[in-house]
$ cat data.txt   # compact mmCIF, C-alpha atoms
# COMPACT_ATOMS: atom_id res chain seq x y z
CA MET A 167 -31.37 17.21 -39.93
CA HIS A 168 -27.76 17.81 -38.95
CA PRO A 169 -26.42 15.28 -36.39
CA ILE A 170 -25.62 18.14 -33.97
CA GLN A 171 -29.33 18.95 -33.77
CA VAL A 172 -30.01 15.49 -32.37
CA PHE A 173 -28.23 16.20 -29.07
CA PRO A 174 -30.65 18.80 -27.63
CA ILE A 175 -33.61 16.61 -28.61
CA ALA A 176 -32.10 13.63 -26.79
CA PHE A 177 -31.30 15.63 -23.64
CA ARG A 178 -34.78 17.24 -23.57
CA SER A 179 -36.29 13.78 -23.69
CA LEU A 180 -34.21 12.66 -20.68
CA ALA A 181 -34.99 15.87 -18.77
CA SER A 182 -38.72 15.37 -19.24
CA ASN A 183 -38.47 12.09 -17.26
CA LYS A 184 -35.98 13.01 -14.55
CA VAL A 185 -36.99 10.41 -11.95
CA ARG A 186 -37.05 7.54 -14.42
CA SER A 187 -33.72 8.62 -15.88
CA LEU A 188 -32.13 8.78 -12.43
CA LEU A 189 -33.49 5.40 -11.37
CA THR A 190 -32.27 3.89 -14.65
CA ALA A 191 -28.76 5.22 -14.03
CA LEU A 192 -28.56 3.82 -10.46
CA GLY A 193 -27.08 0.52 -11.63
CA VAL A 194 -24.22 2.40 -13.28
CA VAL A 195 -23.85 4.63 -10.20
CA PHE A 196 -23.31 1.65 -7.90
CA GLY A 197 -21.05 -0.16 -10.35
CA VAL A 198 -18.78 2.82 -11.02
CA GLY A 199 -18.79 3.79 -7.32
CA ALA A 200 -17.66 0.28 -6.39
CA VAL A 201 -14.93 0.33 -9.06
CA VAL A 202 -13.55 3.72 -7.99
CA ALA A 203 -13.65 2.88 -4.27
CA MET A 204 -12.06 -0.53 -4.79
CA LEU A 205 -9.30 0.83 -7.01
CA SER A 206 -8.55 3.69 -4.60
CA ILE A 207 -8.23 1.28 -1.66
CA SER A 208 -6.04 -1.01 -3.76
CA GLU A 209 -3.85 1.87 -4.94
CA GLY A 210 -3.45 3.17 -1.39
CA ALA A 211 -2.52 -0.28 -0.07
CA LYS A 212 -0.01 -0.72 -2.90
CA LYS A 213 1.67 2.63 -2.22
CA GLU A 214 1.77 2.03 1.53
CA SER A 215 3.25 -1.46 1.12
CA THR A 216 5.90 -0.19 -1.28
CA GLU A 217 6.84 2.67 1.07
CA GLN A 218 7.09 0.28 4.01
CA VAL A 219 9.42 -2.03 2.10
CA GLU A 220 11.49 0.97 1.00
CA LEU A 221 11.73 1.93 4.68
CA LEU A 222 13.57 -1.33 5.27
CA GLY A 223 15.37 -1.21 1.94
CA ALA A 224 14.32 -2.92 -1.29
CA ASN A 225 17.77 -4.51 -1.56
CA THR A 226 18.07 -5.83 2.00
CA ILE A 227 17.67 -9.26 3.59
CA PHE A 228 17.07 -9.86 7.28
CA VAL A 229 18.25 -12.94 9.15
CA GLU A 230 16.59 -13.33 12.54
CA ASN A 231 17.48 -15.61 15.41
CA ALA A 232 14.75 -18.23 15.77
CA SER A 233 16.24 -20.10 18.72
CA GLY A 234 15.89 -19.38 22.41
CA ASN A 235 18.89 -21.54 23.27
CA TRP A 236 22.23 -19.86 23.90
CA ASP A 237 25.23 -22.11 24.33
CA GLY A 238 28.67 -20.87 23.38
CA GLY A 239 29.77 -24.42 22.52
CA THR A 240 27.13 -25.00 19.82
CA THR A 241 25.86 -23.25 16.68
CA GLU A 242 22.37 -22.75 18.10
CA GLY A 243 21.25 -19.19 17.54
CA LEU A 244 22.93 -16.51 15.45
CA VAL A 245 26.47 -15.47 16.30
CA MET A 246 28.93 -12.91 14.95
CA ARG A 247 30.72 -15.46 12.76
CA ASP A 248 27.43 -15.94 10.88
CA ALA A 249 27.39 -12.22 10.11
CA GLY A 250 31.00 -12.36 8.95
CA ALA A 251 30.29 -15.40 6.76
CA LEU A 252 27.36 -13.67 5.09
CA GLY A 253 29.34 -10.48 4.65
CA ALA A 254 32.05 -12.48 2.86
CA LEU A 255 29.67 -13.47 0.05
CA ASP A 256 30.66 -11.72 -3.20
CA ILE A 257 27.07 -10.65 -3.86
CA VAL A 258 26.76 -8.90 -0.46
CA SER A 259 27.81 -5.24 -0.38
CA GLY A 260 27.34 -4.59 3.33
CA TRP A 261 26.10 -6.09 6.60
CA ALA A 262 25.19 -5.13 10.13
CA ALA A 263 24.63 -7.17 13.29
CA LEU A 264 22.41 -6.15 16.17
CA ARG A 265 20.88 -7.05 19.47
CA ARG A 266 17.49 -5.78 20.61
CA TYR A 267 16.35 -4.92 24.14
CA PRO A 268 12.65 -3.94 24.07
CA GLU A 269 10.93 -2.16 26.94
CA SER A 270 14.13 -0.66 28.30
CA VAL A 271 13.92 2.47 30.45
CA VAL A 272 15.70 5.65 29.30
CA GLN A 273 15.98 8.55 31.76
CA ALA A 274 17.07 12.17 31.47
CA GLY A 275 16.28 15.27 33.53
CA GLY A 276 13.76 13.45 35.70
CA ARG A 277 11.87 12.04 32.70
CA ARG A 278 11.51 8.28 32.23
CA VAL A 279 10.57 6.81 28.86
CA SER A 280 10.14 3.20 27.74
CA ALA A 281 12.13 2.52 24.57
CA GLU A 282 13.82 -0.23 22.61
CA VAL A 283 17.60 -0.36 22.79
CA VAL A 284 19.25 -1.46 19.55
CA ALA A 285 22.88 -2.42 19.95
CA THR A 286 24.37 -2.47 16.46
CA THR A 287 27.36 -1.91 14.22
CA PRO A 288 28.11 1.35 12.33
CA ALA A 289 26.97 0.01 8.93
CA PHE A 290 23.39 -0.16 10.21
CA LYS A 291 22.78 3.51 9.38
CA ASP A 292 23.68 3.26 5.69
CA ILE A 293 22.04 -0.12 5.08
CA LEU A 294 18.71 0.96 6.58
CA ASN A 295 18.91 4.54 5.23
CA LEU A 296 18.70 6.03 8.70
CA GLU A 297 19.08 9.80 8.32
CA LEU A 298 20.13 12.10 11.17
CA GLN A 299 18.61 15.45 12.08
CA SER A 300 21.62 16.33 14.21
CA GLY A 301 24.97 14.94 15.31
CA ARG A 302 26.47 11.73 13.99
CA PHE A 303 25.91 7.99 14.11
CA LEU A 304 28.04 5.30 15.72
CA ASP A 305 31.47 4.81 14.14
CA ALA A 306 34.16 2.10 14.17
CA VAL A 307 35.94 3.62 17.17
CA ASP A 308 32.73 3.59 19.21
CA ASP A 309 32.09 -0.02 18.24
CA ALA A 310 35.60 -1.26 18.90
CA GLY A 311 35.71 0.18 22.40
CA GLY A 312 32.08 -0.30 23.34
CA ALA A 313 31.86 3.45 23.98
CA LYS A 314 29.10 4.82 26.20
CA VAL A 315 27.50 6.83 23.42
CA CYS A 316 24.03 6.65 21.88
CA VAL A 317 21.80 7.98 19.09
CA LEU A 318 18.20 8.81 20.02
CA GLY A 319 15.13 8.34 17.85
CA SER A 320 13.30 11.61 17.09
CA SER A 321 10.22 10.84 19.24
CA LEU A 322 12.39 9.60 22.10
CA LYS A 323 14.48 12.79 21.98
CA LYS A 324 11.34 14.92 22.09
CA ALA A 325 9.97 12.97 25.06
CA LEU A 326 13.22 13.37 27.01
CA PHE A 327 14.36 16.86 26.05
CA ALA A 328 11.33 18.52 24.40
CA PHE A 329 12.72 21.40 22.32
CA GLU A 330 16.14 21.48 23.97
CA GLY A 331 19.22 20.24 22.15
CA ALA A 332 20.04 16.62 22.99
CA ARG A 333 23.56 16.37 21.59
CA GLY A 334 26.13 16.10 24.38
CA GLN A 335 23.48 15.41 27.01
CA GLN A 336 23.69 12.45 29.40
CA VAL A 337 20.93 9.82 29.46
CA LYS A 338 20.62 6.81 31.70
CA ILE A 339 19.78 3.59 29.87
CA GLY A 340 19.05 0.83 32.34
CA ASP A 341 21.77 1.23 34.97
CA SER A 342 24.40 2.92 32.75
CA TRP A 343 24.96 6.50 31.63
CA TYR A 344 25.43 7.31 27.93
CA THR A 345 26.32 10.48 26.03
CA VAL A 346 23.99 11.47 23.20
CA ILE A 347 25.96 11.96 19.97
CA GLY A 348 23.07 12.22 17.50
CA VAL A 349 19.33 12.25 16.85
CA SER A 350 17.72 10.37 13.96
CA GLU A 351 15.21 11.86 11.53
CA TYR A 352 11.52 11.12 12.02
CA LYS A 353 10.36 8.15 9.93
CA LYS A 354 6.69 7.42 9.39
CA ALA A 355 6.10 3.70 9.67
CA GLY A 356 2.59 2.88 10.87
CA ARG A 357 1.18 -0.62 10.94
CA SER A 358 2.65 -3.13 8.50
CA ARG A 359 0.39 -3.84 5.52
CA VAL A 360 2.68 -6.63 4.28
CA ARG A 361 2.07 -9.96 5.93
CA GLY A 362 5.17 -11.33 7.66
CA LEU A 363 6.95 -7.97 7.66
CA LYS A 364 7.72 -6.28 10.97
CA LEU A 365 8.33 -2.56 10.78
CA PRO A 366 10.97 -1.05 13.06
CA HIS A 367 9.96 1.93 15.17
CA TYR A 368 13.09 4.02 14.65
CA ASN A 369 11.52 7.05 16.31
CA THR A 370 11.30 5.36 19.72
CA GLN A 371 14.58 3.46 19.55
CA VAL A 372 17.98 4.30 21.02
CA PHE A 373 21.08 3.04 19.23
CA VAL A 374 24.26 2.02 21.08
CA PRO A 375 27.46 0.22 19.98
CA LEU A 376 27.07 -3.55 19.75
CA ARG A 377 29.91 -4.14 22.24
CA ALA A 378 28.08 -2.00 24.78
CA SER A 379 25.21 -4.49 24.85
CA ARG A 380 26.80 -6.29 27.81
CA ASP A 381 25.33 -3.48 29.94
CA PHE A 382 21.84 -4.77 29.17
CA GLU A 383 22.47 -8.47 29.65
CA GLY A 384 21.59 -10.28 32.86
CA THR A 385 24.00 -12.34 34.89
CA ARG A 386 25.20 -15.69 33.57
CA GLU A 387 22.94 -17.38 36.10
CA ARG A 388 19.95 -15.35 34.89
CA GLY A 389 20.29 -15.98 31.16
CA ARG A 390 23.21 -13.77 30.17
CA ARG A 391 24.05 -14.49 26.56
CA PRO A 392 27.55 -15.10 25.20
CA ASP A 393 29.22 -11.98 23.78
CA GLU A 394 29.18 -13.48 20.28
CA SER A 395 25.43 -14.07 20.18
CA ILE A 396 23.23 -11.68 18.19
CA ASP A 397 19.52 -11.28 17.48
CA GLU A 398 19.60 -10.23 13.88
CA ILE A 399 21.78 -9.76 10.80
CA VAL A 400 20.96 -7.32 8.02
CA ILE A 401 22.70 -7.79 4.68
CA GLU A 402 22.59 -5.49 1.68
CA VAL A 403 23.15 -6.19 -2.01
CA ALA A 404 24.03 -3.67 -4.70
CA SER A 405 20.78 -4.01 -6.65
CA SER A 406 17.28 -5.22 -5.88
CA ARG A 407 17.65 -7.59 -8.84
CA ASP A 408 20.28 -9.49 -6.85
CA VAL A 409 18.03 -10.06 -3.82
CA PRO A 410 16.61 -13.47 -4.88
CA ALA A 411 20.07 -14.89 -5.64
CA ALA A 412 21.52 -13.40 -2.45
CA SER A 413 18.76 -14.93 -0.30
CA VAL A 414 19.48 -18.38 -1.75
CA LEU A 415 23.23 -18.05 -1.18
CA ALA A 416 22.73 -16.71 2.35
CA GLU A 417 20.47 -19.61 3.29
CA LYS A 418 22.94 -22.15 1.90
CA ARG A 419 25.81 -20.55 3.81
CA LEU A 420 23.86 -20.56 7.09
CA ARG A 421 22.76 -24.17 6.60
CA ARG A 422 26.41 -25.21 6.41
CA LEU A 423 27.20 -23.30 9.61
CA HIS A 424 24.21 -24.49 11.65
CA SER A 425 23.42 -28.06 12.65
CA ASP A 426 19.84 -27.01 13.33
CA ASN A 427 18.27 -25.20 10.39
CA LYS A 428 15.41 -24.02 12.59
CA ASP A 429 17.51 -21.62 14.66
CA PHE A 430 17.49 -18.88 12.02
CA LYS A 431 14.88 -17.32 9.77
CA LEU A 432 15.33 -15.35 6.54
CA ILE A 433 13.01 -12.43 5.87
CA VAL A 434 13.15 -10.91 2.38
CA PRO A 435 11.06 -7.70 2.21
CA GLN A 436 11.05 -7.72 -1.59
CA ALA A 437 9.61 -11.25 -1.73
CA LEU A 438 7.00 -10.42 0.93
CA LEU A 439 5.97 -7.34 -1.08
CA GLN A 440 5.56 -9.40 -4.24
CA GLN A 441 3.47 -11.95 -2.36
CA SER A 442 1.33 -9.17 -0.91
CA GLN A 443 0.80 -7.66 -4.35
CA ARG A 444 -0.25 -11.05 -5.75
CA THR A 445 -2.83 -11.33 -2.98
CA GLN A 446 -3.95 -7.77 -3.72
CA ARG A 447 -4.38 -8.59 -7.41
CA THR A 448 -6.62 -11.53 -6.49
CA PHE A 449 -8.67 -9.19 -4.29
CA ASN A 450 -8.89 -6.70 -7.17
CA ILE A 451 -10.14 -9.39 -9.56
CA VAL A 452 -12.87 -10.49 -7.13
CA MET A 453 -13.95 -6.92 -6.41
CA GLY A 454 -13.75 -6.05 -10.10
CA ALA A 455 -16.03 -8.98 -10.93
CA ILE A 456 -18.57 -7.78 -8.35
CA ALA A 457 -18.42 -4.24 -9.73
CA GLY A 458 -18.70 -5.64 -13.25
CA ILE A 459 -21.90 -7.45 -12.30
CA SER A 460 -23.30 -4.15 -11.01
CA LEU A 461 -22.43 -2.46 -14.30
CA LEU A 462 -23.98 -5.34 -16.24
CA VAL A 463 -27.19 -4.99 -14.23
CA GLY A 464 -27.07 -1.25 -14.88
CA GLY A 465 -26.65 -1.86 -18.60
CA ILE A 466 -29.61 -4.26 -18.64
CA GLY A 467 -31.68 -1.62 -16.84
CA ILE A 468 -30.79 0.98 -19.44
CA MET A 469 -31.63 -1.40 -22.29
CA ASN A 470 -34.96 -2.30 -20.69
CA ILE A 471 -35.96 1.34 -20.21
CA MET A 472 -34.84 2.31 -23.70
CA LEU A 473 -36.92 -0.50 -25.23
CA ALA A 474 -39.94 0.73 -23.29
CA THR A 475 -39.17 4.28 -24.37
CA VAL A 476 -39.06 3.29 -28.02
CA LEU A 477 -42.48 1.67 -27.67
CA GLU A 478 -43.93 4.72 -25.87
CA ARG A 479 -42.58 7.16 -28.43
CA ARG A 480 -43.46 5.35 -31.63
CA HIS A 481 -45.83 8.16 -32.66
CA GLU A 482 -43.07 10.73 -32.10
CA ILE A 483 -40.70 8.60 -34.18
CA GLY A 484 -43.30 8.43 -37.00
CA VAL A 485 -43.77 12.22 -36.98
CA ARG A 486 -40.04 12.83 -37.13
CA ARG A 487 -39.57 10.33 -39.93
CA ALA A 488 -42.48 11.87 -41.87
CA ALA A 489 -40.92 15.31 -41.38
CA GLY A 490 -37.74 14.10 -43.03
CA ALA A 491 -35.60 12.67 -40.23
CA THR A 492 -33.41 9.83 -41.47
CA SER A 493 -33.17 6.44 -39.76
CA HIS A 494 -29.58 7.36 -38.90
CA ALA A 495 -30.76 10.48 -37.03
CA VAL A 496 -33.32 8.45 -35.06
CA LEU A 497 -30.72 5.80 -34.20
CA LEU A 498 -28.30 8.52 -33.09
CA GLN A 499 -30.93 10.19 -30.90
CA PHE A 500 -31.75 7.07 -28.90
CA LEU A 501 -28.11 6.01 -28.74
CA ILE A 502 -27.18 9.43 -27.31
CA GLU A 503 -29.92 9.07 -24.68
CA ALA A 504 -28.56 5.68 -23.56
CA VAL A 505 -24.95 6.92 -23.44
CA ALA A 506 -26.04 10.07 -21.58
CA LEU A 507 -27.82 7.95 -18.95
CA SER A 508 -24.70 5.86 -18.53
CA LEU A 509 -22.35 8.86 -18.30
CA VAL A 510 -24.60 10.66 -15.80
CA GLY A 511 -24.54 7.51 -13.70
CA CYS A 512 -20.76 7.43 -14.14
CA VAL A 513 -20.30 11.00 -12.89
CA VAL A 514 -22.50 10.38 -9.85
CA GLY A 515 -20.77 7.03 -9.31
CA ILE A 516 -17.35 8.68 -9.31
CA GLY A 517 -18.57 11.02 -6.57
CA VAL A 518 -19.94 8.05 -4.62
CA GLY A 519 -16.65 6.14 -5.05
CA VAL A 520 -14.57 9.10 -3.88
CA GLY A 521 -16.87 9.50 -0.89
CA LEU A 522 -16.60 5.80 -0.03
CA SER A 523 -12.81 5.86 -0.25
CA ALA A 524 -12.71 8.93 2.01
CA ALA A 525 -15.01 7.18 4.49
CA VAL A 526 -12.78 4.08 4.49
CA ALA A 527 -9.71 6.24 5.03
CA GLY A 528 -11.39 8.14 7.87
CA TYR A 529 -13.12 5.35 9.77
CA ALA A 530 -11.01 2.27 8.99
CA ALA A 531 -7.67 4.14 8.98
CA TRP A 532 -6.79 2.63 5.59
CA ARG A 533 -4.77 4.60 3.14
CA THR A 534 -6.53 5.33 -0.15
CA ALA A 535 -5.34 7.03 -3.33
CA ILE A 536 -7.38 8.27 -6.29
CA ASN A 537 -5.65 7.70 -9.60
CA VAL A 538 -6.77 9.83 -12.58
CA LEU A 539 -6.23 6.83 -14.85
CA HIS A 540 -8.80 4.87 -12.85
CA ILE A 541 -11.33 7.68 -13.30
CA LEU A 542 -10.73 7.66 -17.05
CA VAL A 543 -11.17 3.87 -17.12
CA ALA A 544 -14.46 4.21 -15.25
CA VAL A 545 -15.69 6.83 -17.75
CA GLY A 546 -14.64 4.63 -20.66
CA VAL A 547 -16.38 1.57 -19.23
CA ALA A 548 -19.55 3.58 -18.58
CA GLY A 549 -19.50 4.84 -22.18
CA VAL A 550 -19.12 1.29 -23.49
CA VAL A 551 -22.01 0.12 -21.28
CA GLY A 552 -24.15 2.97 -22.64
CA VAL A 553 -23.39 2.13 -26.28
CA ALA A 554 -23.79 -1.63 -25.77
CA SER A 555 -27.11 -1.32 -23.90
CA GLY A 556 -28.53 1.43 -26.11
CA TYR A 557 -27.64 0.19 -29.59
CA TYR A 558 -30.32 -2.49 -29.89
CA PRO A 559 -33.22 -0.22 -28.75
CA ALA A 560 -31.91 2.60 -30.97
CA ARG A 561 -31.69 0.21 -33.91
CA ARG A 562 -35.29 -0.87 -33.35
CA ALA A 563 -36.37 2.77 -33.24
CA ALA A 564 -34.51 3.53 -36.47
CA ARG A 565 -36.18 0.61 -38.25
CA THR A 566 -39.71 1.65 -37.22
CA ASP A 567 -42.02 2.02 -40.24
CA PRO A 568 -43.21 5.69 -40.39
CA GLY A 569 -46.71 4.77 -41.52
CA GLU A 570 -47.27 2.28 -38.70
CA ALA A 571 -45.73 4.68 -36.21
CA LEU A 572 -48.10 7.48 -37.17
CA ARG A 573 -51.09 5.19 -36.66
CA TYR A 574 -49.79 4.14 -33.20
CA GLU A 575 -51.62 5.66 -30.23
$ encode --input "data.txt" --output "structure tokens"
Amino acid sequence: MHPIQVFPIAFRSLASNKVRSLLTALGVVFGVGAVVAMLSISEGAKKESTEQVELLGANTIFVENASGNWDGGTTEGLVMRDAGALGALDIVSGWAALRRYPESVVQAGGRRVSAEVVATTPAFKDILNLELQSGRFLDAVDDAGGAKVCVLGSSLKKALFAFEGARGQQVKIGDSWYTVIGVSEYKKAGRSRVRGLKLPHYNTQVFVPLRASRDFEGTRERGRRPDESIDEIVIEVASSRDVPAASVLAEKRLRRLHSDNKDFKLIVPQALLQQSQRTQRTFNIVMGAIAGISLLVGGIGIMNIMLATVLERRHEIGVRRAAGATSHAVLLQFLIEAVALSLVGCVVGIGVGVGLSAAVAGYAAWRTAINVLHILVAVGVAGVVGVASGYYPARRAARTDPGEALRYE
């Protein structure tokens, strides 16, 4: 008998016991489904985390003020000289300082919108890769004179002016009037998937020159901050490979400038991403082990059924051997049946896994991503499970004595 002739015999045998074949493959279905779903969730989380870090810049470092005390005679809190000192480091290619005023009111044409005012320096745009859909960003002249100009986030512009052009329009921010000189591009941010990383909501922010921030400060009696105080410093290095060294140098420089090392905090998006990915790998290992147990149980189920099948079909095996079938052909037949069971379970399991990942994306609002490589890995694993669980029963069938098999009822 030619080996090709063994395939239809094996598949007819499986088709004659559809329910048993399906129940046997369930272990593989659940195992492969769990693997595909887990890997799709992991891949989606990885892509989303990477995109969120790229939104802030893979080669950026953030220094935040961690002190609520503002005293012009001490080094408590971040001040402009800190930004200048960090910018003077040879490894730093650019820096920007900023102040934040959340929950500010922006008005135009009778519309009132709550937004965050970001008073910053011109380099902010290039460091944070803030693209414009119209107009221009703040420049050195605006910053030097504290000009009454602003750049609106895309969502803020739409809320204030709908489909009208915003450039050249007047908006009231707090108690002061500003001229719109530009509108930023829409940036999708969403909720941060990286622990410790805060994502800026550029779309609902309004950017003004740093020197114009005095318009949003209270009186000296009501907590007005000194003009030199700032909320945050963003520094940029030429390459992401330089980020670890730059973070060490920046911290050392700030420690020399500050008597209290608790009044500033360094946030390194690249380091937070790496930490998040390490946590994700641990999660993948745990979930992979659980899925592996399911596949192991599925493989044991296939082996158990195949052993029972060999016992049930001993007479058939004897007839085939007496008709001239070789032991190799018998082994191949039962091995094909085991692998087919495993691969059928794999195909159904892939469908289950894709469905689970879609359900997670729809109901839990988690991003998922199906990778073709993961599908191929699942198919390969299922094939290995089929061969491993089917070889021993197939070997027993091949070694069956034809005479004894013919006498078996």
$ closest_residue --input "data.txt" --among "A:Gln441, A:Thr345, A:Gln273, A:Ser395" --to "Asp248 of chain A" --atoms "only C-alpha atoms"
A:Ser395
$ residues_around --input "data.txt" --residues "Val198 of chain A" --least-positions-apart "5" --cutoff "9 Å" --atoms "all atoms listed in the file" --output "ChimeraX atom specification"
/A:193,203,457-458,460-461,511-516,518-519,544-545,547-548
$ atom_distance --input "data.txt" --atom1 "atom CA of Ala524 of chain A" --atom2 "atom CA of Thr216 of chain A"
21.0 Å
$ atom_distance --input "data.txt" --atom1 "atom CA of Leu420 of chain A" --atom2 "atom CA of Pro366 of chain A"
24.1 Å
$ atom_distance --input "data.txt" --atom1 "atom CA of Gly454 of chain A" --atom2 "atom CA of Val201 of chain A"
6.6 Å
$ closest_residue --input "data.txt" --among "A:Val258, A:Ala378, A:Val202, A:Val307" --to "Leu542 of chain A" --atoms "only C-alpha atoms"
A:Val202
$ closest_residue --input "data.txt" --among "A:Gly549, A:Gly210, A:Gly312, A:Gly199" --to "Ala535 of chain A" --atoms "all atoms listed in the file"
A:Gly210
$ closest_residue --input "data.txt" --among "A:Thr492, A:Thr287, A:Ser406, A:Ser320" --to "Asp308 of chain A" --atoms "all atoms listed in the file"
A:Thr287
